[in-house]
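Okay, entry_20.csv now, which holds CSV, C-alpha atoms:
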```csv
chain,number,residue,atom,x,y,z
G,208,SER,CA,4.6,-2.2,-38.0
G,209,GLY,CA,3.3,-3.7,-34.9
G,210,ILE,CA,3.6,-2.6,-31.3
G,211,ILE,CA,5.8,-4.6,-28.9
G,212,LEU,CA,4.9,-4.3,-25.3
G,213,ILE,CA,7.7,-4.3,-22.7
G,214,GLN,CA,6.0,-4.2,-19.3
G,215,PHE,CA,7.5,-4.2,-15.9
G,216,THR,CA,5.3,-5.7,-13.1
G,217,LEU,CA,5.6,-4.9,-9.4
G,218,SER,CA,6.3,-8.0,-7.4
G,219,ALA,CA,8.0,-9.5,-4.4
G,220,GLN,CA,6.2,-8.6,-1.3
G,221,GLU,CA,4.0,-5.7,-2.5
G,222,ASN,CA,1.0,-7.9,-2.2
G,223,ASN,CA,1.7,-9.3,1.3
G,224,TYR,CA,-0.7,-7.5,3.5
G,225,TRP,CA,-0.1,-9.0,7.0
G,226,TYR,CA,3.7,-9.1,7.2
G,227,ILE,CA,4.0,-5.9,9.3
G,228,GLN,CA,2.3,-5.6,12.7
G,229,TYR,CA,1.9,-2.7,15.1
G,230,GLY,CA,2.0,-2.3,18.9
G,231,THR,CA,3.5,-4.7,21.3
G,232,ARG,CA,0.4,-6.7,22.1
G,233,SER,CA,-0.9,-6.8,18.6
G,234,THR,CA,2.5,-7.9,17.2
G,235,LEU,CA,2.8,-10.8,19.7
G,236,LEU,CA,-0.7,-11.9,18.5
G,237,GLY,CA,0.2,-11.7,14.9
G,238,GLY,CA,-2.2,-8.9,14.2
G,239,ALA,CA,-5.2,-11.2,14.8
G,240,VAL,CA,-6.8,-8.5,16.9
G,241,ILE,CA,-9.6,-7.0,14.8
G,242,GLY,CA,-12.1,-8.0,17.5
G,243,SER,CA,-9.8,-7.6,20.5
G,244,VAL,CA,-7.3,-4.8,20.0
G,245,SER,CA,-6.5,-3.2,23.4
G,246,ASP,CA,-4.3,-0.2,22.6
G,247,LEU,CA,-3.9,2.6,20.1
G,248,SER,CA,-2.8,0.2,17.4
G,249,ALA,CA,-6.6,0.1,17.1
G,250,THR,CA,-6.3,3.2,14.9
G,251,PHE,CA,-5.2,0.7,12.3
G,252,TYR,CA,-6.7,-2.6,13.3
G,253,ASN,CA,-10.2,-1.4,14.4
G,254,PRO,CA,-10.9,2.3,14.8
G,255,GLY,CA,-14.3,1.5,16.4
G,256,ALA,CA,-12.6,-0.1,19.4
G,257,ILE,CA,-10.9,3.1,20.7
G,258,ALA,CA,-14.1,4.6,22.1
G,259,LEU,CA,-14.4,1.5,24.4
G,260,PHE,CA,-11.0,2.1,26.0
G,261,PRO,CA,-11.3,3.5,29.5
G,262,ASP,CA,-8.0,5.3,29.1
G,263,VAL,CA,-6.3,6.2,25.8
G,264,LYS,CA,-2.5,6.5,26.0
G,265,PHE,CA,0.4,7.3,23.8
G,266,ILE,CA,1.9,4.3,22.0
G,267,LEU,CA,5.3,4.0,20.4
G,268,SER,CA,6.5,0.8,18.9
G,269,ALA,CA,9.8,-0.4,20.4
G,270,GLN,CA,12.8,-0.6,18.0
G,271,VAL,CA,13.3,-4.3,17.3
G,272,TYR,CA,15.1,-6.2,14.6
G,273,GLN,CA,13.6,-8.8,12.2
G,274,LEU,CA,15.2,-11.4,9.9
G,275,ASP,CA,13.9,-11.1,6.4
G,276,ASN,CA,14.4,-13.9,3.9
G,277,TYR,CA,13.4,-13.7,0.2
G,278,THR,CA,13.4,-16.3,-2.6
G,279,ILE,CA,12.7,-15.8,-6.3
G,280,LYS,CA,11.9,-19.3,-7.6
G,281,ASP,CA,13.9,-20.0,-10.8
G,282,GLY,CA,15.1,-16.4,-10.7
G,283,ALA,CA,18.5,-17.2,-12.2
G,284,ALA,CA,17.5,-20.1,-14.4
G,285,GLU,CA,15.3,-23.1,-14.2
G,286,GLY,CA,16.1,-24.9,-11.0
G,287,LYS,CA,18.3,-22.1,-9.7
G,288,ASP,CA,16.7,-19.7,-7.3
G,289,LEU,CA,17.7,-16.2,-6.3
G,290,GLU,CA,17.9,-15.7,-2.5
G,291,TYR,CA,18.5,-12.7,-0.2
G,292,SER,CA,18.5,-12.4,3.6
G,293,SER,CA,19.0,-9.4,5.9
G,294,VAL,CA,18.5,-8.3,9.4
G,295,VAL,CA,16.7,-4.9,9.5
G,296,PRO,CA,14.9,-2.7,12.0
G,297,SER,CA,11.2,-3.3,12.2
G,298,PRO,CA,8.9,-0.6,10.8
G,299,ASN,CA,7.8,2.2,13.1
G,300,PHE,CA,4.4,3.0,14.6
G,301,VAL,CA,3.4,5.9,16.7
G,302,ALA,CA,0.0,6.9,17.9
G,303,PHE,CA,-1.4,9.4,20.5
G,304,ASP,CA,-4.8,10.8,21.4
G,305,ILE,CA,-5.8,14.4,20.8
G,306,ASP,CA,-7.8,15.7,23.8
G,307,PHE,CA,-10.4,18.4,23.2
G,308,ASP,CA,-13.1,19.2,25.8
G,309,PHE,CA,-15.9,19.5,23.2
G,310,LEU,CA,-15.4,15.8,22.3
G,311,GLY,CA,-16.8,14.6,25.5
G,312,ASP,CA,-16.4,10.8,25.7
G,313,ASP,CA,-15.6,10.6,22.0
G,314,LYS,CA,-12.0,9.9,21.1
G,315,LEU,CA,-9.6,11.6,18.5
G,316,ALA,CA,-6.2,10.1,17.8
G,317,PHE,CA,-3.3,10.6,15.4
G,318,SER,CA,-1.2,7.7,14.0
G,319,LEU,CA,1.9,7.4,11.8
G,320,LEU,CA,2.9,3.9,10.5
G,321,THR,CA,5.0,2.2,7.9
G,322,ARG,CA,2.5,0.1,5.9
G,323,GLN,CA,5.1,-1.6,3.6
G,324,ASN,CA,8.8,-1.4,3.1
G,325,ALA,CA,11.7,-3.4,1.7
G,326,ASP,CA,15.3,-2.9,0.7
G,327,LEU,CA,16.6,-6.0,-1.1
G,328,GLU,CA,19.1,-7.2,-3.7
G,329,PHE,CA,19.4,-10.5,-5.6
G,330,SER,CA,22.4,-11.4,-7.8
G,331,THR,CA,24.0,-14.3,-9.4
G,332,ARG,CA,27.2,-14.7,-11.6
G,333,ILE,CA,28.6,-17.4,-13.8
G,334,ILE,CA,32.0,-17.8,-15.7
G,335,ASP,CA,32.4,-21.1,-17.5
G,336,SER,CA,33.1,-22.8,-20.8
G,337,ILE,CA,29.8,-23.9,-22.1
G,338,ASP,CA,27.9,-24.3,-25.4
G,339,VAL,CA,25.5,-21.4,-25.5
G,340,ILE,CA,25.4,-20.4,-29.2
G,341,GLU,CA,24.0,-23.0,-31.6
G,342,SER,CA,25.5,-21.5,-34.7
G,343,SER,CA,29.0,-21.5,-33.2
G,344,PRO,CA,30.8,-24.9,-33.1
G,345,GLY,CA,32.0,-26.2,-29.7
G,346,LYS,CA,31.9,-24.4,-26.4
G,347,GLU,CA,32.3,-20.7,-25.8
G,348,ASN,CA,34.0,-18.9,-23.0
G,349,PHE,CA,30.9,-17.5,-21.2
G,350,ALA,CA,30.5,-14.9,-18.5
G,351,GLY,CA,27.2,-13.5,-17.3
G,352,GLY,CA,25.2,-12.3,-14.4
G,353,THR,CA,21.8,-11.0,-13.2
G,354,ASN,CA,21.2,-8.4,-10.6
G,355,LEU,CA,17.9,-7.1,-9.1
G,356,GLU,CA,17.7,-4.2,-6.6
G,357,LYS,CA,14.5,-3.0,-5.1
G,358,LYS,CA,13.5,-0.4,-2.5
G,359,PHE,CA,10.0,0.7,-1.5
G,360,ASN,CA,8.5,2.4,1.4
G,361,ASP,CA,4.8,3.2,2.1
G,362,VAL,CA,4.1,5.5,5.0
G,363,TRP,CA,0.5,6.2,6.3
G,364,GLY,CA,-0.5,9.1,8.5
G,365,GLY,CA,-4.0,9.1,9.9
G,366,ILE,CA,-6.6,10.8,12.0
G,367,THR,CA,-9.0,8.6,13.9
G,368,TYR,CA,-12.4,9.6,15.3
G,369,SER,CA,-14.3,7.1,17.5
G,370,SER,CA,-17.5,7.2,19.4
G,371,THR,CA,-19.8,4.9,21.4
G,372,LEU,CA,-23.3,3.5,20.7
G,373,GLY,CA,-24.3,2.7,24.3
G,374,GLU,CA,-21.8,1.1,26.7
G,375,LYS,CA,-20.9,-1.9,24.7
G,376,ILE,CA,-20.5,-0.8,21.1
G,377,GLY,CA,-17.9,1.5,19.6
G,378,ILE,CA,-17.7,2.9,16.0
G,379,GLY,CA,-14.9,4.8,14.4
G,380,ILE,CA,-13.1,5.8,11.2
G,381,THR,CA,-9.5,6.6,10.3
G,382,GLY,CA,-8.7,8.8,7.4
G,383,TYR,CA,-5.3,8.1,6.0
G,384,VAL,CA,-2.9,9.9,3.6
G,385,SER,CA,-0.3,7.5,2.1
G,386,TYR,CA,3.0,8.5,0.6
G,387,ARG,CA,4.8,5.7,-1.4
G,388,SER,CA,8.3,5.8,-2.8
G,389,HIS,CA,9.5,2.9,-5.0
G,390,SER,CA,12.5,2.2,-7.1
G,391,ALA,CA,13.9,-0.9,-8.8
G,392,THR,CA,16.7,-1.9,-11.2
G,393,THR,CA,17.1,-5.2,-13.1
G,394,LEU,CA,20.3,-5.9,-15.0
G,395,THR,CA,21.2,-8.9,-17.1
G,396,ILE,CA,24.6,-9.0,-19.0
G,397,LEU,CA,25.7,-12.1,-20.9
G,398,GLN,CA,28.9,-12.3,-23.1
G,399,ALA,CA,30.4,-15.2,-25.0
G,400,LEU,CA,33.7,-15.5,-26.8
G,401,GLN,CA,33.2,-17.7,-29.8
G,402,SER,CA,35.8,-20.1,-31.4
G,403,ASN,CA,36.3,-17.7,-34.3
G,404,GLY,CA,37.2,-14.9,-31.9
G,405,ASP,CA,34.0,-12.9,-32.2
G,406,ILE,CA,32.2,-11.8,-29.1
G,407,ALA,CA,28.4,-12.2,-28.6
G,408,SER,CA,26.9,-9.8,-26.2
G,409,TYR,CA,23.4,-9.5,-24.5
G,410,SER,CA,22.4,-6.6,-22.2
G,411,ASP,CA,19.0,-6.1,-20.7
G,412,ILE,CA,18.8,-3.1,-18.3
G,413,ASN,CA,15.5,-1.9,-16.8
G,414,ASN,CA,15.0,0.7,-14.1
G,415,PHE,CA,12.1,2.7,-12.7
G,416,LYS,CA,11.3,4.9,-9.7
G,417,PHE,CA,8.2,6.8,-8.7
G,418,ASN,CA,6.5,8.4,-5.8
G,419,ASN,CA,2.8,8.6,-5.2
G,420,CYS,CA,0.4,10.2,-2.7
G,421,ARG,CA,-3.1,8.9,-2.2
G,422,THR,CA,-5.8,8.9,0.5
G,423,LEU,CA,-8.1,6.1,1.9
G,424,ALA,CA,-10.3,5.4,4.9
G,425,LYS,CA,-10.8,2.5,7.3
G,426,ALA,CA,-14.0,2.2,9.4
G,427,GLY,CA,-14.7,-0.2,12.2
G,428,ILE,CA,-17.1,-1.4,14.9
G,429,GLY,CA,-16.1,-2.9,18.2
G,430,ILE,CA,-18.4,-4.8,20.5
G,431,ASN,CA,-17.5,-5.6,24.2
G,432,LEU,CA,-19.6,-8.5,25.6
G,433,LYS,CA,-17.1,-9.6,28.2
G,434,PRO,CA,-15.6,-12.2,28.2
G,435,LEU,CA,-16.5,-12.1,24.4
G,436,THR,CA,-15.3,-9.2,22.2
G,437,LEU,CA,-16.1,-8.8,18.5
G,438,GLY,CA,-15.1,-6.5,15.7
G,439,ALA,CA,-15.4,-5.8,12.0
G,440,THR,CA,-13.7,-3.3,9.6
G,441,VAL,CA,-14.0,-2.0,6.1
G,442,THR,CA,-11.2,-0.3,4.2
G,443,THR,CA,-11.9,1.7,1.1
G,444,PRO,CA,-9.9,1.7,-2.2
G,445,SER,CA,-7.4,4.5,-2.3
G,446,LEU,CA,-7.9,7.8,-4.2
G,447,ASN,CA,-4.8,9.1,-6.0
G,448,LEU,CA,-3.8,12.7,-5.3
G,449,PHE,CA,-0.5,13.2,-7.1
G,450,GLY,CA,2.7,11.5,-8.1
G,451,SER,CA,5.4,11.1,-10.7
G,452,GLY,CA,8.3,8.9,-11.8
G,453,SER,CA,10.7,7.8,-14.4
G,454,VAL,CA,11.4,4.6,-16.3
G,455,GLY,CA,14.3,3.5,-18.5
G,456,THR,CA,15.1,0.5,-20.7
G,457,HIS,CA,18.1,-0.6,-22.6
G,458,PHE,CA,18.1,-3.9,-24.7
G,459,PHE,CA,21.2,-4.7,-26.7
G,460,VAL,CA,22.1,-7.9,-28.6
G,461,SER,CA,25.1,-8.3,-30.9
G,462,GLY,CA,27.5,-10.9,-32.4
G,463,VAL,CA,24.8,-13.5,-33.1
G,464,ASP,CA,22.3,-13.9,-36.0
G,465,THR,CA,20.8,-10.5,-35.4
G,466,ASN,CA,21.7,-7.2,-33.9
G,467,ILE,CA,19.2,-5.3,-31.6
G,468,PHE,CA,19.5,-1.9,-30.1
G,469,GLU,CA,16.5,-0.5,-28.2
G,470,SER,CA,17.0,2.2,-25.6
G,471,ASN,CA,14.6,4.7,-24.0
G,472,TYR,CA,14.3,6.9,-20.9
G,473,GLN,CA,11.2,8.9,-19.8
G,474,ASP,CA,11.1,11.3,-16.9
G,475,ASP,CA,8.4,13.2,-15.1
G,476,VAL,CA,5.7,10.6,-15.9
G,477,LYS,CA,2.5,10.8,-14.0
G,478,SER,CA,2.1,7.9,-11.5
G,479,ARG,CA,-0.8,6.3,-9.7
G,480,TYR,CA,-1.2,3.4,-7.3
G,481,ASN,CA,-4.4,1.6,-6.6
G,482,SER,CA,-5.5,-0.5,-3.6
G,483,SER,CA,-8.6,-2.5,-3.1
G,484,TRP,CA,-11.6,-2.9,-0.8
G,485,VAL,CA,-10.8,-4.8,2.4
G,486,VAL,CA,-13.2,-6.4,4.8
G,487,GLY,CA,-12.1,-7.8,8.1
G,488,ALA,CA,-13.8,-9.5,11.1
G,489,GLY,CA,-12.6,-11.1,14.3
G,490,GLY,CA,-13.3,-11.8,17.9
G,491,ALA,CA,-11.8,-13.0,21.2
G,492,TYR,CA,-12.9,-15.0,24.2
G,493,ARG,CA,-11.3,-15.3,27.6
G,494,LEU,CA,-11.7,-18.4,29.7
G,495,ASP,CA,-9.9,-18.4,33.0
G,496,LYS,CA,-6.2,-17.9,32.2
G,497,PHE,CA,-6.5,-18.3,28.5
G,498,LYS,CA,-7.7,-15.9,25.8
G,499,LEU,CA,-8.2,-17.0,22.2
G,500,HIS,CA,-8.1,-14.4,19.4
G,501,ILE,CA,-9.4,-15.0,15.8
G,502,SER,CA,-9.3,-12.7,12.8
G,503,ALA,CA,-9.7,-12.9,9.1
G,504,GLU,CA,-9.5,-10.2,6.4
G,505,TRP,CA,-10.5,-10.4,2.7
G,506,TYR,CA,-8.7,-8.3,0.1
G,507,ASP,CA,-10.5,-7.7,-3.2
G,508,ALA,CA,-8.6,-8.2,-6.5
G,509,ILE,CA,-6.8,-5.3,-8.1
G,510,GLU,CA,-7.2,-5.2,-11.8
G,511,LYS,CA,-4.1,-4.5,-13.9
G,512,PHE,CA,-3.3,-0.8,-14.2
G,513,ASN,CA,-0.4,1.3,-15.3
G,514,VAL,CA,1.6,2.7,-12.4
G,515,LEU,CA,3.6,4.8,-14.9
G,516,ASP,CA,1.7,5.4,-18.1
G,517,THR,CA,4.6,6.1,-20.5
G,518,GLU,CA,4.5,7.1,-24.2
G,519,SER,CA,5.4,4.6,-26.9
G,520,TYR,CA,8.8,4.9,-28.6
G,521,LEU,CA,10.6,3.5,-31.7
G,522,SER,CA,13.3,0.8,-31.6
G,523,GLN,CA,16.5,2.3,-32.9
G,524,SER,CA,17.5,-0.9,-34.7
G,525,SER,CA,14.1,-2.1,-36.2
G,526,GLY,CA,11.9,0.9,-36.1
G,527,GLU,CA,9.2,-1.1,-34.3
G,528,GLN,CA,6.9,0.7,-31.9
G,529,LEU,CA,7.5,-0.2,-28.3
G,530,THR,CA,6.1,0.6,-24.8
G,531,ASN,CA,7.7,0.3,-21.4
G,532,ASP,CA,4.7,0.7,-19.1
G,533,LEU,CA,5.0,-0.2,-15.4
G,534,THR,CA,1.9,-2.3,-14.4
G,535,HIS,CA,0.5,-3.7,-11.2
G,536,GLU,CA,-2.3,-6.1,-10.3
G,537,ALA,CA,-3.2,-8.4,-7.5
G,538,GLU,CA,-5.5,-11.4,-6.9
G,539,SER,CA,-8.2,-11.5,-4.3
G,540,VAL,CA,-6.9,-13.2,-1.1
G,541,ILE,CA,-8.1,-14.0,2.4
G,542,ASN,CA,-5.7,-13.8,5.4
G,543,TYR,CA,-6.5,-15.3,8.7
G,544,GLY,CA,-4.8,-15.6,12.1
G,545,LEU,CA,-5.1,-17.2,15.5
G,546,GLY,CA,-3.6,-15.8,18.7
G,547,LEU,CA,-3.5,-17.2,22.3
G,548,ASP,CA,-2.8,-15.4,25.5
G,549,TYR,CA,-1.8,-17.3,28.7
G,550,TYR,CA,-2.1,-15.2,31.9
G,551,ALA,CA,0.5,-16.6,34.2
G,552,ASN,CA,-0.3,-13.9,36.8
G,553,ASP,CA,-1.4,-10.2,36.9
G,554,GLU,CA,1.9,-9.0,35.5
G,555,LEU,CA,3.1,-11.8,33.2
G,556,ILE,CA,1.3,-12.8,29.9
G,557,PHE,CA,2.6,-15.3,27.4
G,558,SER,CA,1.3,-14.8,23.8
G,559,PHE,CA,1.4,-17.1,20.8
G,560,SER,CA,0.1,-16.7,17.2
G,561,ILE,CA,-0.1,-18.2,13.8
G,562,THR,CA,-1.2,-16.2,10.7
G,563,SER,CA,-1.3,-16.5,6.9
G,564,ASP,CA,0.0,-13.8,4.6
G,565,GLU,CA,-1.0,-14.3,1.0
```

I'd like the structure from this file rewritten - as structure tokens, please.
Amino acid sequence: SGIILIQFTLSAQENNYWYIQYGTRSTLLGGAVIGSVSDLSATFYNPGAIALFPDVKFILSAQVYQLDNYTIKDGAAEGKDLEYSSVVPSPNFVAFDIDFDFLGDDKLAFSLLTRQNADLEFSTRIIDSIDVIESSPGKENFAGGTNLEKKFNDVWGGITYSSTLGEKIGIGITGYVSYRSHSATTLTILQALQSNGDIASYSDINNFKFNNCRTLAKAGIGINLKPLTLGATVTTPSLNLFGSGSVGTHFFVSGVDTNIFESNYQDDVKSRYNSSWVVGAGGAYRLDKFKLHISAEWYDAIEKFNVLDTESYLSQSSGEQLTNDLTHEAESVINYGLGLDYYANDELIFSFSITSDE
């Protein structure tokens, strides 16, 4: 007998890298601050810039709310999208310096941030009299629906060390430990009452959850050539430390030309989560009351890998060998952004930005 692959693929926002920003100034500028970050959000945007700050202060992101809109194209059927909207608190960011006398002018800082998160649900329902079974004459009383629920959260904690090379150049590195939790359930149930009184039923239920801990590092260089500032960063792929999860599938068809029964659940499965090389660069220039910020960041592709590497199992109805691996992959992308400050006076600044997020 052959092997049938039943694979779940992570999707819907996991690969959007710029949709979360940190720090008040950096958020207003859309994160286009690789070459111009001016507060402790530099622990994330450019660790090399911190050593150039005359005074390093505690930073805590204010609690604000954001409107999230999601659409799955043709998620319910061809031409019928699944949509979801919610108003949720923005992710948190906190950073502060750690002052030791032996550091001299070097800087040490701690940061904690939410790198990715989502809590969403899509659903659709239909009850109608339609012709859905070719072998049954006339229309059938039909009822069905699809539901998708997904939650994930990726929290990074980091230690940043930054030092100067002369008066105008700063270098630094942030070592991060990431903890990711992720769960999702997809459910499709379709039923039809045929003209002869028989009921045809289709059920497809899939769920998984996992947690994973990994480590990575981000290095940066900042250059202050007032009124011009420049910066560049490199982020390493992550190294998996530990993690586990579970995955369950249930596929059931009856009342038509064939009957199918395939069900499996596996717990305590080893997990892993890969991220790619990232290279960023940016700069800013101030002219009178205006300051222009430019940034771009390249993300290498992530080859397909098994997040949960499960064991194969046998179909209860056919005896065929099946797998229900959870996979993830990502294409190479480049994000870019423009930000503009207008200094109305010494105390009032208006900021604008436009960014991409592939």

(request) Can you work out which one of G:Ser318, G:Ser388, G:Thr534, G:Ser402 has the shortest atom-to-atom distance to Thr517 of chain G, counting only C-alpha atoms? (result)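 Among G:Ser318, G:Ser388, G:Thr534, G:Ser402, it is G:Thr534 that comes nearest to Thr517 of chain G.
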
(request) Go ahead and compute the interatomic distance for atom CA of Gly345 of chain G and atom CA of Leu400 of chain G, in Å to one decimal. (result)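 Interatomic distance, atom CA of Gly345 of chain G to atom CA of Leu400 of chain G: 11.2 Å.
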
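Atom CA of Phe559 of chain G to atom CA of Leu435 of chain G spans 18.9 Å [interatomic distance, one decimal].
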
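In terms of minimum interatomic distance to Leu319 of chain G, G:Thr381 ranks closest within G:Thr381, G:Thr353, G:Thr440, G:Asn348, counting only C-alpha atoms.
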
(request) Using all atoms listed in the file, determine which residues lie at most 10 Å from Tyr409 of chain G, disregarding the query and same-chain residues fewer than 2 positions distant; provide the list as a PyMOL selection string. (result) chain G and resi 351+395-399+407+411+458-463+466-467

(request) For Asn403 of chain G, list every protein, DNA or RNA residue within 10 Å, evaluated using all atoms listed in the file, and leave out those in the same chain fewer than 5 positions away; present the list as number ranges by chain. (result) G: 343-344, 347

(request) Measure the distance from atom CA of Tyr492 of chain G to atom CA of Ile561 of chain G in Å and round it to one decimal. (result)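 Spanning atom CA of Tyr492 of chain G to atom CA of Ile561 of chain G is a straight-line distance of 16.8 Å.
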
(request) Kindly indicate which residue among G:Gly242, G:Gly364, G:Gly526, G:Gly379 lies nearest to Ala488 of chain G, using only C-alpha atoms for the distances. (result) G:Gly242

(message) Here's a test: counting only C-alpha atoms, identify every protein, DNA and RNA residue with an atom at most 6 Å from (-4.9, 4.1, 10.6) in the file's coordinate frame, and state them as a ChimeraX atom specification.
(response) /G:250-251,365,381

(request) Dig up all the protein and nucleic acid residues within 7 Å of (17.3, 1.5, -11.9) in the file frame, using all atoms listed in the file, and format them as a ChimeraX atom specification. (result) /G:390-393,413-415

(message) Report as a PyMOL selection string all protein, DNA and RNA residues lying within 7 Å of Ala424 of chain G, evaluated on only C-alpha atoms, omitting residues in the same chain fewer than 4 positions from it.
(response) chain G and resi 380-383+442-443

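Using only C-alpha atoms, the contacts of Glu518 of chain G at a cut-off of 12 Å, with sequence neighbours closer than 3 positions omitted, comprise G:Leu212, G:Ile213, G:Ser453, G:Val454, G:Gly455, G:Asn471, G:Tyr472, G:Gln473, G:Asp474, G:Asp475, G:Val476, G:Lys477, G:Asn513, G:Leu515, G:Leu521, G:Gln528, G:Leu529, G:Thr530, G:Asn531, G:Asp532, G:Leu533.
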
(message) I want to know what sits within 10 Å of Asn481 of chain G, based on all atoms listed in the file, with residues of the same chain fewer than 3 positions away left out; could you give that as a VMD selection string?
(response) chain G and resid 421 444 to 447 509 to 514 535 to 536

(request) Rank nothing, just name the residue among G:Asp516, G:Glu554, G:Glu374, G:Asp338 nearest to Asp312 of chain G, using only C-alpha atoms. (result) G:Glu374

(request) Using only C-alpha atoms, pick whichever of G:Phe307, G:Trp225, G:Phe317, G:Phe557 has the shortest atom-to-atom distance to Leu247 of chain G. (result)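 For Leu247 of chain G, the nearest of the candidates is G:Phe317.
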
(message) Using all atoms listed in the file for the distances, tell me which of G:Ser563, G:Thr231, G:Thr367, G:Ser342 is nearest to Asn299 of chain G.
(response)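 Looking at the shortest contact to Asn299 of chain G, the residue is G:Thr231.
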
Missing atoms in segment 373-385 of chain G need filling: write out N, CA and C atoms for it as a PDB file, in the frame of the given file.
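Written out: selection36.pdb:
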```pdb
ATOM      1  N   GLY G 373     -24.041   3.402  23.028  1.00  0.00           N
ATOM      2  CA  GLY G 373     -24.300   2.700  24.300  1.00  0.00           C
ATOM      3  C   GLY G 373     -22.979   2.358  24.957  1.00  0.00           C
ATOM      4  N   GLU G 374     -23.027   1.457  25.906  1.00  0.00           N
ATOM      5  CA  GLU G 374     -21.800   1.100  26.700  1.00  0.00           C
ATOM      6  C   GLU G 374     -20.992   0.010  26.084  1.00  0.00           C
ATOM      7  N   LYS G 375     -21.552  -0.737  25.151  1.00  0.00           N
ATOM      8  CA  LYS G 375     -20.900  -1.900  24.700  1.00  0.00           C
ATOM      9  C   LYS G 375     -20.436  -1.885  23.217  1.00  0.00           C
ATOM     10  N   ILE G 376     -20.823  -0.825  22.500  1.00  0.00           N
ATOM     11  CA  ILE G 376     -20.500  -0.800  21.100  1.00  0.00           C
ATOM     12  C   ILE G 376     -19.760   0.528  20.771  1.00  0.00           C
ATOM     13  N   GLY G 377     -18.665   0.399  20.037  1.00  0.00           N
ATOM     14  CA  GLY G 377     -17.900   1.500  19.600  1.00  0.00           C
ATOM     15  C   GLY G 377     -17.792   1.559  18.073  1.00  0.00           C
ATOM     16  N   ILE G 378     -17.864   2.736  17.487  1.00  0.00           N
ATOM     17  CA  ILE G 378     -17.700   2.900  16.000  1.00  0.00           C
ATOM     18  C   ILE G 378     -16.611   3.923  15.797  1.00  0.00           C
ATOM     19  N   GLY G 379     -15.936   3.819  14.678  1.00  0.00           N
ATOM     20  CA  GLY G 379     -14.900   4.800  14.400  1.00  0.00           C
ATOM     21  C   GLY G 379     -14.409   4.713  12.960  1.00  0.00           C
ATOM     22  N   ILE G 380     -13.662   5.711  12.563  1.00  0.00           N
ATOM     23  CA  ILE G 380     -13.100   5.800  11.200  1.00  0.00           C
ATOM     24  C   ILE G 380     -11.760   6.457  11.263  1.00  0.00           C
ATOM     25  N   THR G 381     -10.823   5.950  10.482  1.00  0.00           N
ATOM     26  CA  THR G 381      -9.500   6.600  10.300  1.00  0.00           C
ATOM     27  C   THR G 381      -9.340   6.996   8.882  1.00  0.00           C
ATOM     28  N   GLY G 382      -9.062   8.280   8.697  1.00  0.00           N
ATOM     29  CA  GLY G 382      -8.700   8.800   7.400  1.00  0.00           C
ATOM     30  C   GLY G 382      -7.229   8.841   7.206  1.00  0.00           C
ATOM     31  N   TYR G 383      -6.715   8.193   6.168  1.00  0.00           N
ATOM     32  CA  TYR G 383      -5.300   8.100   6.000  1.00  0.00           C
ATOM     33  C   TYR G 383      -4.833   8.879   4.725  1.00  0.00           C
ATOM     34  N   VAL G 384      -3.626   9.413   4.803  1.00  0.00           N
ATOM     35  CA  VAL G 384      -2.900   9.900   3.600  1.00  0.00           C
ATOM     36  C   VAL G 384      -1.645   9.025   3.521  1.00  0.00           C
ATOM     37  N   SER G 385      -1.448   8.434   2.359  1.00  0.00           N
ATOM     38  CA  SER G 385      -0.300   7.500   2.100  1.00  0.00           C
ATOM     39  C   SER G 385       0.679   8.165   1.182  1.00  0.00           C
TER      40      SER G 385
END
```
